[in-house]
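Peer 1: Have a look at this one before I ask anything.
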Amino acid sequence: MSAFRTLDDAGALKGKRVLLRVDLNVPMEGGRVTDATRIARVVPTIKEIADKGGKVVLLAHFGRPKGKPDPKESLKPILPTLSEQLGRPVAFAEDCVGEAAAQAVAALQDGDVLLLENTRYHAGEEKNDADFTRALAANGDLYVNEAFSAAHRAHASTEGLAHRLPAYAGRLMQAELDALTQGLEDPKRPLIAIVGGAKVSTKIDLLENLVAKVDMLVIGGGMANTFLHAQGKAVGKSLCEKDLADTARRILAKAEAEGCEIILPADALVAREFKANAENETVRVDAVPEDAMILDVGAASIATVDGAIDRAATLVWNGPLGAFELTPFDTGTVAVAQHAARRTKAGQLVTVAGGGDTVAALNHAGVGEDFSYVSTAGGAFLEWLEGKALPGVEALRAKG
Ligand SMILES: Nc1ncnc2c1ncn2[C@@H]1O[C@H](COP(=O)(O)OP(=O)(O)OP(=O)(O)O)[C@@H](O)[C@H]1O
Ligand SMILES: O=C(O)[C@H](O)COP(=O)(O)O
């Protein structure tokens, strides 16, 4: 039995306004969705509620607009893909609270679907502010949380609402927790983690606990640059959070104390422009030119990571090893993803990966279907792996 209430416990939904928190923080380029995995994974729940006669009111964030409206972080460009995936029209309201939201919700017929604008357009969202939560709750009779990938945030729409309305876990939330528990509660060892990507400041702290849980930790992507800088290497114009050098050094020391092998890139593909097919060269990480930036790991690093994967029985992965959206800086991520997929198919490795861009990268490498489990969650998945309680999940449990 589930530890919290699910849609099965929600009773009749006909005519009910269901505030459904989903994660639509999907990769976009030129105003178009480039990977629809997160959308596709919530479609069955939206359909289920709509088919039962519920009025589906979707709540979601996009990007990090810092508490005020920013057209660059609007959810509106996601509507066509959402509606296409659902196979039915989706209405849109320019605000998630106030008059615009109230009118759009009042216009819903049973079975209709409405998307409200980015919850992070309001400072109250990230502050989990009581008045803002109340304003969101005004548009719903019940709350369903389907956003496992945002459950590590104690925000109004991911946590606060569960205390204001009858609250239930959505199908995807349930499935993610079940799959991660099954696959990783007692993982086969050696256990290797790959952490890359660009969200350095919000993920670096996770590594401190992670080194106590995993046998090997590969650090790639933008995250690696901060560690290379902490080791005294010049990283030129690379994405690097220099003020986190002390944190990086602390993590390296803890890894050593815990017996966790840290694998950092030894070589890198560097360029002077952040664009596809920019002129590039492979250099050792202690010879990055001042005016260049690291955009991918080099061939020697790929071989090292592949070798480490060969020694592992379980792989967990969040964050691409390079700027995979731009050729040829997808080389490292694609090569390692394909290597891990081959070993998975041969029954030699259990592979669990997660994250909006990580899933897009695996699909780009053509191996999205080959991993043992692909989670929609990135940061949330890492926090879950650390053994941390996720506020969005806990708030549902408290209602159980
Ligand atoms: N060396 C690098 N320089 C700049 N950007 C990089 C580099 N390596 C990776 N990236 C970028 O990192 C981004 C993905 O990072 P991110 O941490 O958001 O991963 P994610 O899988 O989406 O996880 P989450 O779901 O937590 O957001 C990609 O857009 C990629 O281009
Ligand atoms: O993409 C994610 O990991 C989630 O949507 C959470 O986004 P955040 O890191 O901006 O809170």
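All residue names refer to the structure tokens as shown: chains lettered A, B, ... in order, residues numbered from 1 in each chain, ligands numbered from 1 in order.
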Check which residues fall inside 7 Å of ligand 2 when counting only C-alpha atoms and all ligand atoms, and print them as a ChimeraX atom specification.
Peer 2: /A:23,25,63-64,149-150,153,355-356,377-380
Peer 1: Would you tabulate, counting only C-alpha atoms and all ligand atoms, all residues of chain A that have an atom at most 8 Å from an atom of ligand 1, showing the closest pair of atoms and their distance in Å to one decimal, sorted by chain then ascending number, as CSV?
Peer 2:
residue,atom,partner,partner_atom_place_in_ligand_line,distance
A:Asn25,CA,ligand 1,27 (O),8.0
A:Pro27,CA,ligand 1,22 (O),7.6
A:Ser149,CA,ligand 1,25 (O),7.0
A:Gly196,CA,ligand 1,9 (C),6.2
A:Gly197,CA,ligand 1,15 (O),3.2
A:Ala198,CA,ligand 1,12 (O),3.8
A:Lys199,CA,ligand 1,17 (O),4.2
A:Val200,CA,ligand 1,17 (O),7.0
A:Lys203,CA,ligand 1,17 (O),7.7
A:Gly220,CA,ligand 1,8 (N),7.0
A:Gly221,CA,ligand 1,8 (N),3.3
A:Gly222,CA,ligand 1,2 (C),4.2
A:Met223,CA,ligand 1,8 (N),7.5
A:Ala224,CA,ligand 1,1 (N),7.8
A:Asn225,CA,ligand 1,1 (N),7.2
A:Ser238,CA,ligand 1,3 (N),6.3
A:Leu239,CA,ligand 1,3 (N),5.3
A:Met293,CA,ligand 1,3 (N),7.4
A:Ile294,CA,ligand 1,1 (N),5.1
A:Leu295,CA,ligand 1,1 (N),3.9
A:Asp296,CA,ligand 1,1 (N),5.4
A:Val297,CA,ligand 1,1 (N),7.9
A:Asn318,CA,ligand 1,21 (O),5.4
A:Gly319,CA,ligand 1,19 (O),4.1
A:Pro320,CA,ligand 1,9 (C),5.2
A:Leu321,CA,ligand 1,8 (N),5.2
A:Gly322,CA,ligand 1,8 (N),3.3
A:Ala323,CA,ligand 1,31 (O),3.3
A:Phe324,CA,ligand 1,31 (O),5.4
A:Glu325,CA,ligand 1,31 (O),5.8
A:Leu326,CA,ligand 1,31 (O),7.7
A:Gly354,CA,ligand 1,21 (O),6.2
A:Gly355,CA,ligand 1,25 (O),3.3
A:Gly356,CA,ligand 1,22 (O),3.9
A:Asp357,CA,ligand 1,22 (O),3.6
A:Thr358,CA,ligand 1,21 (O),3.7
A:Val359,CA,ligand 1,21 (O),6.5
A:Ala360,CA,ligand 1,21 (O),7.9
A:Thr376,CA,ligand 1,25 (O),7.1
A:Ala377,CA,ligand 1,25 (O),5.4
A:Gly378,CA,ligand 1,26 (O),3.5
A:Gly379,CA,ligand 1,26 (O),4.0
A:Ala380,CA,ligand 1,26 (O),7.0
Peer 1: Could you give me the residues within range 62-220 of chain A that DSSP places in alpha helix (DSSP H), as a PyMOL selection string?
Peer 2: chain A and resi 79-86+98-106+123-127+130-137+171-184+200-210
Peer 1: Considering only C-alpha atoms, return as an MDAnalysis selection string whatever protein or nucleic-acid residues lie within 8 Å of range 279-282 of chain A, sequence-local ones (same chain, fewer than 3 positions apart) excluded.
Peer 2: chainID A and resid 267:273 298
Peer 1: Keeping N, CA, C and O atoms for every residue in the selection just given, could you write it to a file as a JSON list (two decimals), in the first residue's frame?
Peer 2:
[["chain", "number", "residue", "atom", "x", "y", "z"],
["A", 267, "ASP", "N", 41.14, 15.89, -20.02],
["A", 267, "ASP", "CA", 41.24, 16.72, -21.22],
["A", 267, "ASP", "C", 39.85, 17.25, -21.57],
["A", 267, "ASP", "O", 38.84, 16.77, -21.06],
["A", 268, "ALA", "N", 39.83, 18.27, -22.43],
["A", 268, "ALA", "CA", 38.55, 18.93, -22.71],
["A", 268, "ALA", "C", 38.52, 19.45, -24.13],
["A", 268, "ALA", "O", 39.56, 19.76, -24.73],
["A", 269, "LEU", "N", 37.30, 19.54, -24.65],
["A", 269, "LEU", "CA", 37.09, 20.16, -25.96],
["A", 269, "LEU", "C", 36.76, 21.63, -25.66],
["A", 269, "LEU", "O", 35.78, 21.91, -24.96],
["A", 270, "VAL", "N", 37.58, 22.53, -26.16],
["A", 270, "VAL", "CA", 37.36, 23.96, -25.85],
["A", 270, "VAL", "C", 37.06, 24.74, -27.13],
["A", 270, "VAL", "O", 37.44, 24.33, -28.23],
["A", 271, "ALA", "N", 36.35, 25.85, -26.95],
["A", 271, "ALA", "CA", 36.01, 26.72, -28.09],
["A", 271, "ALA", "C", 35.97, 28.15, -27.59],
["A", 271, "ALA", "O", 35.96, 28.40, -26.38],
["A", 272, "ARG", "N", 35.93, 29.07, -28.54],
["A", 272, "ARG", "CA", 35.88, 30.49, -28.14],
["A", 272, "ARG", "C", 34.47, 31.05, -28.24],
["A", 272, "ARG", "O", 34.20, 32.15, -27.79],
["A", 273, "GLU", "N", 33.58, 30.28, -28.88],
["A", 273, "GLU", "CA", 32.18, 30.73, -29.01],
["A", 273, "GLU", "C", 31.26, 29.62, -28.53],
["A", 273, "GLU", "O", 31.52, 28.45, -28.78],
["A", 298, "GLY", "N", 37.18, 15.61, -23.22],
["A", 298, "GLY", "CA", 37.96, 15.13, -24.37],
["A", 298, "GLY", "C", 37.97, 13.60, -24.46],
["A", 298, "GLY", "O", 37.40, 12.90, -23.60]]
Peer 1: What's around range 253-259 of chain A at 6 Å? Count only C-alpha atoms, leave out sequence neighbours fewer than 3 positions away in its own chain, and write the answer as a short mmCIF file (atom, residue, chain, number, x, y, z; two decimals) with N, CA, C and O atoms, in the first residue's frame.
Peer 2:
data_model
loop_
_atom_site.label_atom_id
_atom_site.label_comp_id
_atom_site.auth_asym_id
_atom_site.auth_seq_id
_atom_site.Cartn_x
_atom_site.Cartn_y
_atom_site.Cartn_z
N VAL A 211 29.07 11.51 -2.03
CA VAL A 211 30.34 10.78 -1.98
C VAL A 211 30.36 9.72 -0.88
O VAL A 211 31.17 8.80 -0.93
N ALA A 212 29.46 9.86 0.07
CA ALA A 212 29.38 8.83 1.11
C ALA A 212 28.52 7.65 0.66
O ALA A 212 28.51 6.60 1.29
N ARG A 250 36.21 20.89 -0.14
CA ARG A 250 35.68 20.11 0.99
C ARG A 250 35.13 18.77 0.49
O ARG A 250 35.33 17.72 1.11
#
Peer 1: Which neighbours of range 184-186 of chain A fall inside 12 Å, counting only C-alpha atoms, when residues of the same chain fewer than 6 positions from it are skipped, and could you give them as a ChimeraX atom specification?
Peer 2: /A:176-178,192-193,213-214,313-316,350-353,372-373,381-382,384-387
Peer 1: Suppose we keep C-alpha atoms; can you now write the selection as a PDB file, in the first residue's frame?
Peer 2:
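As a result, again_0.pdb now contains:
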ATOM      1  CA  GLU A 176       8.887   7.576  -9.916  1.00  0.00           C
ATOM      2  CA  LEU A 177       9.078   6.771  -6.215  1.00  0.00           C
ATOM      3  CA  ASP A 178       8.304   3.098  -6.791  1.00  0.00           C
ATOM      4  CA  ILE A 192      29.042   4.928  -9.925  1.00  0.00           C
ATOM      5  CA  ALA A 193      27.414   8.367 -10.251  1.00  0.00           C
ATOM      6  CA  LYS A 213      26.843   6.785  -0.886  1.00  0.00           C
ATOM      7  CA  VAL A 214      28.635   5.978  -4.122  1.00  0.00           C
ATOM      8  CA  ALA A 313      27.364  -2.695 -11.465  1.00  0.00           C
ATOM      9  CA  THR A 314      25.032   0.303 -11.116  1.00  0.00           C
ATOM     10  CA  LEU A 315      25.182   3.758 -12.726  1.00  0.00           C
ATOM     11  CA  VAL A 316      23.192   6.831 -11.714  1.00  0.00           C
ATOM     12  CA  VAL A 350      21.785  -1.221 -14.037  1.00  0.00           C
ATOM     13  CA  THR A 351      21.376   2.341 -15.320  1.00  0.00           C
ATOM     14  CA  VAL A 352      19.198   5.016 -13.747  1.00  0.00           C
ATOM     15  CA  ALA A 353      19.315   8.533 -15.178  1.00  0.00           C
ATOM     16  CA  SER A 372      17.030   0.542 -16.942  1.00  0.00           C
ATOM     17  CA  TYR A 373      15.038   3.540 -15.709  1.00  0.00           C
ATOM     18  CA  PHE A 381      16.487  12.516  -7.964  1.00  0.00           C
ATOM     19  CA  LEU A 382      19.952  13.368  -6.569  1.00  0.00           C
ATOM     20  CA  TRP A 384      16.375  11.396  -3.056  1.00  0.00           C
ATOM     21  CA  LEU A 385      19.557   9.397  -3.679  1.00  0.00           C
ATOM     22  CA  GLU A 386      21.315  11.281  -0.880  1.00  0.00           C
ATOM     23  CA  GLY A 387      18.591   9.992   1.421  1.00  0.00           C
TER      24      GLY A 387
END
Peer 1: Would you mind telling me which residue in A:Val374, A:Ile263, A:Ala123, A:Ile49 lies nearest to His155 in chain A when using only C-alpha atoms?
Peer 2: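 Checking each of A:Val374, A:Ile263, A:Ala123, A:Ile49 against His155 in chain A, counting only C-alpha atoms, the winner is A:Ala123.
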Peer 1: Find, counting only C-alpha atoms, the residue in A:Ala292, A:Leu115, A:Ala365, A:Leu252 that gets nearest to Lys237 in chain A.
Peer 2: A:Ala292
Peer 1: Set the distance at 9 Å and use only C-alpha atoms: which residues neighbour Ser157 in chain A once local chain neighbours fewer than 2 positions away are removed? I'd like the list as a PDB file with all heavy atoms, in the first residue's frame.
Peer 2:
ATOM      1  N   ARG A  21      -0.260  19.870 -10.057  1.00  0.00           N
ATOM      2  CA  ARG A  21       1.095  20.440 -10.174  1.00  0.00           C
ATOM      3  C   ARG A  21       1.938  19.505 -11.032  1.00  0.00           C
ATOM      4  O   ARG A  21       2.130  18.323 -10.703  1.00  0.00           O
ATOM      5  CB  ARG A  21       1.722  20.591  -8.784  1.00  0.00           C
ATOM      6  CG  ARG A  21       3.164  21.171  -8.713  1.00  0.00           C
ATOM      7  CD  ARG A  21       3.370  22.362  -9.603  1.00  0.00           C
ATOM      8  NE  ARG A  21       4.494  23.211  -9.215  1.00  0.00           N
ATOM      9  CZ  ARG A  21       5.647  23.307  -9.915  1.00  0.00           C
ATOM     10  NH1 ARG A  21       5.850  22.565 -11.006  1.00  0.00           N
ATOM     11  NH2 ARG A  21       6.581  24.152  -9.535  1.00  0.00           N
ATOM     12  N   LEU A  59      -0.703  23.608 -12.820  1.00  0.00           N
ATOM     13  CA  LEU A  59       0.223  24.566 -12.194  1.00  0.00           C
ATOM     14  C   LEU A  59       1.634  24.101 -12.513  1.00  0.00           C
ATOM     15  O   LEU A  59       1.943  22.920 -12.369  1.00  0.00           O
ATOM     16  CB  LEU A  59       0.071  24.533 -10.670  1.00  0.00           C
ATOM     17  CG  LEU A  59      -1.188  25.112 -10.067  1.00  0.00           C
ATOM     18  CD1 LEU A  59      -1.193  24.811  -8.563  1.00  0.00           C
ATOM     19  CD2 LEU A  59      -1.242  26.612 -10.293  1.00  0.00           C
ATOM     20  N   ALA A  60       2.487  25.031 -12.921  1.00  0.00           N
ATOM     21  CA  ALA A  60       3.869  24.653 -13.226  1.00  0.00           C
ATOM     22  C   ALA A  60       4.768  25.878 -13.160  1.00  0.00           C
ATOM     23  O   ALA A  60       4.295  27.021 -13.238  1.00  0.00           O
ATOM     24  CB  ALA A  60       3.948  24.031 -14.615  1.00  0.00           C
ATOM     25  N   HIS A  61       6.087  25.622 -13.031  1.00  0.00           N
ATOM     26  CA  HIS A  61       7.064  26.715 -13.132  1.00  0.00           C
ATOM     27  C   HIS A  61       7.828  26.530 -14.440  1.00  0.00           C
ATOM     28  O   HIS A  61       7.784  25.456 -15.048  1.00  0.00           O
ATOM     29  CB  HIS A  61       8.025  26.707 -11.944  1.00  0.00           C
ATOM     30  CG  HIS A  61       9.037  25.603 -11.990  1.00  0.00           C
ATOM     31  ND1 HIS A  61       8.758  24.310 -11.577  1.00  0.00           N
ATOM     32  CD2 HIS A  61      10.325  25.578 -12.425  1.00  0.00           C
ATOM     33  CE1 HIS A  61       9.829  23.556 -11.739  1.00  0.00           C
ATOM     34  NE2 HIS A  61      10.802  24.294 -12.274  1.00  0.00           N
ATOM     35  N   THR A 119       4.209  29.800 -12.133  1.00  0.00           N
ATOM     36  CA  THR A 119       4.021  30.122 -10.713  1.00  0.00           C
ATOM     37  C   THR A 119       5.169  30.978 -10.179  1.00  0.00           C
ATOM     38  O   THR A 119       4.985  31.747  -9.241  1.00  0.00           O
ATOM     39  CB  THR A 119       3.937  28.829  -9.874  1.00  0.00           C
ATOM     40  OG1 THR A 119       5.070  28.004 -10.208  1.00  0.00           O
ATOM     41  CG2 THR A 119       2.648  28.078 -10.123  1.00  0.00           C
ATOM     42  N   GLU A 125       5.771  32.187  -4.490  1.00  0.00           N
ATOM     43  CA  GLU A 125       5.934  30.771  -4.846  1.00  0.00           C
ATOM     44  C   GLU A 125       7.148  30.170  -4.132  1.00  0.00           C
ATOM     45  O   GLU A 125       7.032  29.224  -3.367  1.00  0.00           O
ATOM     46  CB  GLU A 125       6.057  30.640  -6.376  1.00  0.00           C
ATOM     47  CG  GLU A 125       6.601  29.300  -6.874  1.00  0.00           C
ATOM     48  CD  GLU A 125       5.651  28.124  -6.705  1.00  0.00           C
ATOM     49  OE1 GLU A 125       4.682  28.235  -5.936  1.00  0.00           O
ATOM     50  OE2 GLU A 125       5.898  27.074  -7.326  1.00  0.00           O
ATOM     51  N   GLU A 126       8.313  30.748  -4.378  1.00  0.00           N
ATOM     52  CA  GLU A 126       9.528  30.150  -3.800  1.00  0.00           C
ATOM     53  C   GLU A 126       9.616  30.378  -2.286  1.00  0.00           C
ATOM     54  O   GLU A 126      10.274  29.630  -1.583  1.00  0.00           O
ATOM     55  CB  GLU A 126      10.776  30.678  -4.522  1.00  0.00           C
ATOM     56  CG  GLU A 126      10.811  30.185  -5.957  1.00  0.00           C
ATOM     57  CD  GLU A 126      12.088  30.520  -6.694  1.00  0.00           C
ATOM     58  OE1 GLU A 126      13.169  30.229  -6.177  1.00  0.00           O
ATOM     59  OE2 GLU A 126      11.990  31.082  -7.806  1.00  0.00           O
ATOM     60  N   ASN A 128       7.111  30.073  -0.416  1.00  0.00           N
ATOM     61  CA  ASN A 128       6.033  29.249   0.143  1.00  0.00           C
ATOM     62  C   ASN A 128       5.145  30.111   1.040  1.00  0.00           C
ATOM     63  O   ASN A 128       4.750  29.709   2.137  1.00  0.00           O
ATOM     64  CB  ASN A 128       6.621  28.071   0.938  1.00  0.00           C
ATOM     65  CG  ASN A 128       5.654  26.906   1.038  1.00  0.00           C
ATOM     66  OD1 ASN A 128       4.488  27.024   0.664  1.00  0.00           O
ATOM     67  ND2 ASN A 128       6.132  25.787   1.544  1.00  0.00           N
ATOM     68  N   THR A 133      -0.149  30.982  -1.345  1.00  0.00           N
ATOM     69  CA  THR A 133      -0.677  29.606  -1.365  1.00  0.00           C
ATOM     70  C   THR A 133      -2.206  29.644  -1.317  1.00  0.00           C
ATOM     71  O   THR A 133      -2.893  28.906  -2.036  1.00  0.00           O
ATOM     72  CB  THR A 133      -0.126  28.795  -0.171  1.00  0.00           C
ATOM     73  OG1 THR A 133       1.280  28.960  -0.133  1.00  0.00           O
ATOM     74  CG2 THR A 133      -0.451  27.328  -0.294  1.00  0.00           C
ATOM     75  N   LEU A 136      -3.560  30.562  -4.680  1.00  0.00           N
ATOM     76  CA  LEU A 136      -3.538  29.412  -5.599  1.00  0.00           C
ATOM     77  C   LEU A 136      -4.677  28.448  -5.257  1.00  0.00           C
ATOM     78  O   LEU A 136      -5.392  27.961  -6.139  1.00  0.00           O
ATOM     79  CB  LEU A 136      -2.210  28.645  -5.482  1.00  0.00           C
ATOM     80  CG  LEU A 136      -0.938  29.253  -6.057  1.00  0.00           C
ATOM     81  CD1 LEU A 136       0.271  28.376  -5.696  1.00  0.00           C
ATOM     82  CD2 LEU A 136      -1.017  29.402  -7.576  1.00  0.00           C
ATOM     83  N   ASN A 145      -0.294  16.317  -6.705  1.00  0.00           N
ATOM     84  CA  ASN A 145       1.097  16.649  -7.034  1.00  0.00           C
ATOM     85  C   ASN A 145       1.696  15.553  -7.910  1.00  0.00           C
ATOM     86  O   ASN A 145       1.853  14.411  -7.496  1.00  0.00           O
ATOM     87  CB  ASN A 145       1.935  16.836  -5.765  1.00  0.00           C
ATOM     88  CG  ASN A 145       3.296  17.427  -6.092  1.00  0.00           C
ATOM     89  OD1 ASN A 145       3.658  17.563  -7.260  1.00  0.00           O
ATOM     90  ND2 ASN A 145       4.036  17.789  -5.061  1.00  0.00           N
ATOM     91  N   ALA A 154      10.526  23.321  -1.511  1.00  0.00           N
ATOM     92  CA  ALA A 154       9.400  23.546  -0.593  1.00  0.00           C
ATOM     93  C   ALA A 154       8.709  24.836  -1.007  1.00  0.00           C
ATOM     94  O   ALA A 154       8.763  25.855  -0.318  1.00  0.00           O
ATOM     95  CB  ALA A 154       9.896  23.619   0.843  1.00  0.00           C
ATOM     96  N   HIS A 155       8.093  24.822  -2.177  1.00  0.00           N
ATOM     97  CA  HIS A 155       7.452  26.013  -2.711  1.00  0.00           C
ATOM     98  C   HIS A 155       5.934  25.920  -2.517  1.00  0.00           C
ATOM     99  O   HIS A 155       5.416  24.856  -2.158  1.00  0.00           O
ATOM    100  CB  HIS A 155       7.796  26.170  -4.193  1.00  0.00           C
ATOM    101  CG  HIS A 155       9.259  26.427  -4.456  1.00  0.00           C
ATOM    102  ND1 HIS A 155       9.813  26.469  -5.707  1.00  0.00           N
ATOM    103  CD2 HIS A 155      10.289  26.682  -3.585  1.00  0.00           C
ATOM    104  CE1 HIS A 155      11.117  26.721  -5.619  1.00  0.00           C
ATOM    105  NE2 HIS A 155      11.431  26.842  -4.344  1.00  0.00           N
ATOM    106  N   GLU A 159       4.557  22.295  -2.202  1.00  0.00           N
ATOM    107  CA  GLU A 159       4.482  21.866  -0.804  1.00  0.00           C
ATOM    108  C   GLU A 159       3.311  22.516  -0.070  1.00  0.00           C
ATOM    109  O   GLU A 159       2.491  21.840   0.534  1.00  0.00           O
ATOM    110  CB  GLU A 159       5.814  22.210  -0.108  1.00  0.00           C
ATOM    111  CG  GLU A 159       6.104  21.372   1.125  1.00  0.00           C
ATOM    112  CD  GLU A 159       5.544  21.965   2.406  1.00  0.00           C
ATOM    113  OE1 GLU A 159       5.087  23.139   2.389  1.00  0.00           O
ATOM    114  OE2 GLU A 159       5.518  21.258   3.417  1.00  0.00           O
ATOM    115  N   GLY A 160       3.251  23.849  -0.162  1.00  0.00           N
ATOM    116  CA  GLY A 160       2.246  24.602   0.604  1.00  0.00           C
ATOM    117  C   GLY A 160       0.818  24.147   0.331  1.00  0.00           C
ATOM    118  O   GLY A 160       0.019  23.982   1.267  1.00  0.00           O
ATOM    119  N   LEU A 161       0.499  23.924  -0.936  1.00  0.00           N
ATOM    120  CA  LEU A 161      -0.878  23.568  -1.287  1.00  0.00           C
ATOM    121  C   LEU A 161      -1.347  22.273  -0.634  1.00  0.00           C
ATOM    122  O   LEU A 161      -2.539  22.096  -0.367  1.00  0.00           O
ATOM    123  CB  LEU A 161      -1.012  23.452  -2.817  1.00  0.00           C
ATOM    124  CG  LEU A 161      -1.272  24.746  -3.575  1.00  0.00           C
ATOM    125  CD1 LEU A 161      -1.266  24.491  -5.082  1.00  0.00           C
ATOM    126  CD2 LEU A 161      -2.610  25.380  -3.161  1.00  0.00           C
ATOM    127  N   ALA A 162      -0.405  21.372  -0.377  1.00  0.00           N
ATOM    128  CA  ALA A 162      -0.786  20.082   0.229  1.00  0.00           C
ATOM    129  C   ALA A 162      -1.371  20.275   1.624  1.00  0.00           C
ATOM    130  O   ALA A 162      -2.091  19.408   2.133  1.00  0.00           O
ATOM    131  CB  ALA A 162       0.429  19.156   0.286  1.00  0.00           C
ATOM    132  N   GLY A 392       8.070  18.075  -1.064  1.00  0.00           N
ATOM    133  CA  GLY A 392       6.834  17.842  -1.827  1.00  0.00           C
ATOM    134  C   GLY A 392       6.247  16.468  -1.563  1.00  0.00           C
ATOM    135  O   GLY A 392       5.023  16.291  -1.555  1.00  0.00           O
TER     136      GLY A 392
END
Peer 1: From the options A:Pro190, A:Pro166, A:Gly332, A:Gly67, which residue's atoms come nearest to Ser301 in chain A, counting only C-alpha atoms?
Peer 2: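 Selected residue with least distance to Ser301 in chain A: A:Gly332.
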Peer 1: Determine the nearest neighbour of Arg134 in chain A from the options A:Lys16, A:Cys96, A:Thr344, A:His339, counting only C-alpha atoms.
Peer 2: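 Between A:Lys16, A:Cys96, A:Thr344, A:His339, the residue approaching Arg134 in chain A most closely is A:Cys96.
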Peer 1: Grab the CA of Lys242 in chain A to CA of Val288 in chain A distance for me, in Å with one decimal place.
Peer 2: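 For CA of Lys242 in chain A relative to CA of Val288 in chain A, the distance reads 15.9 Å.
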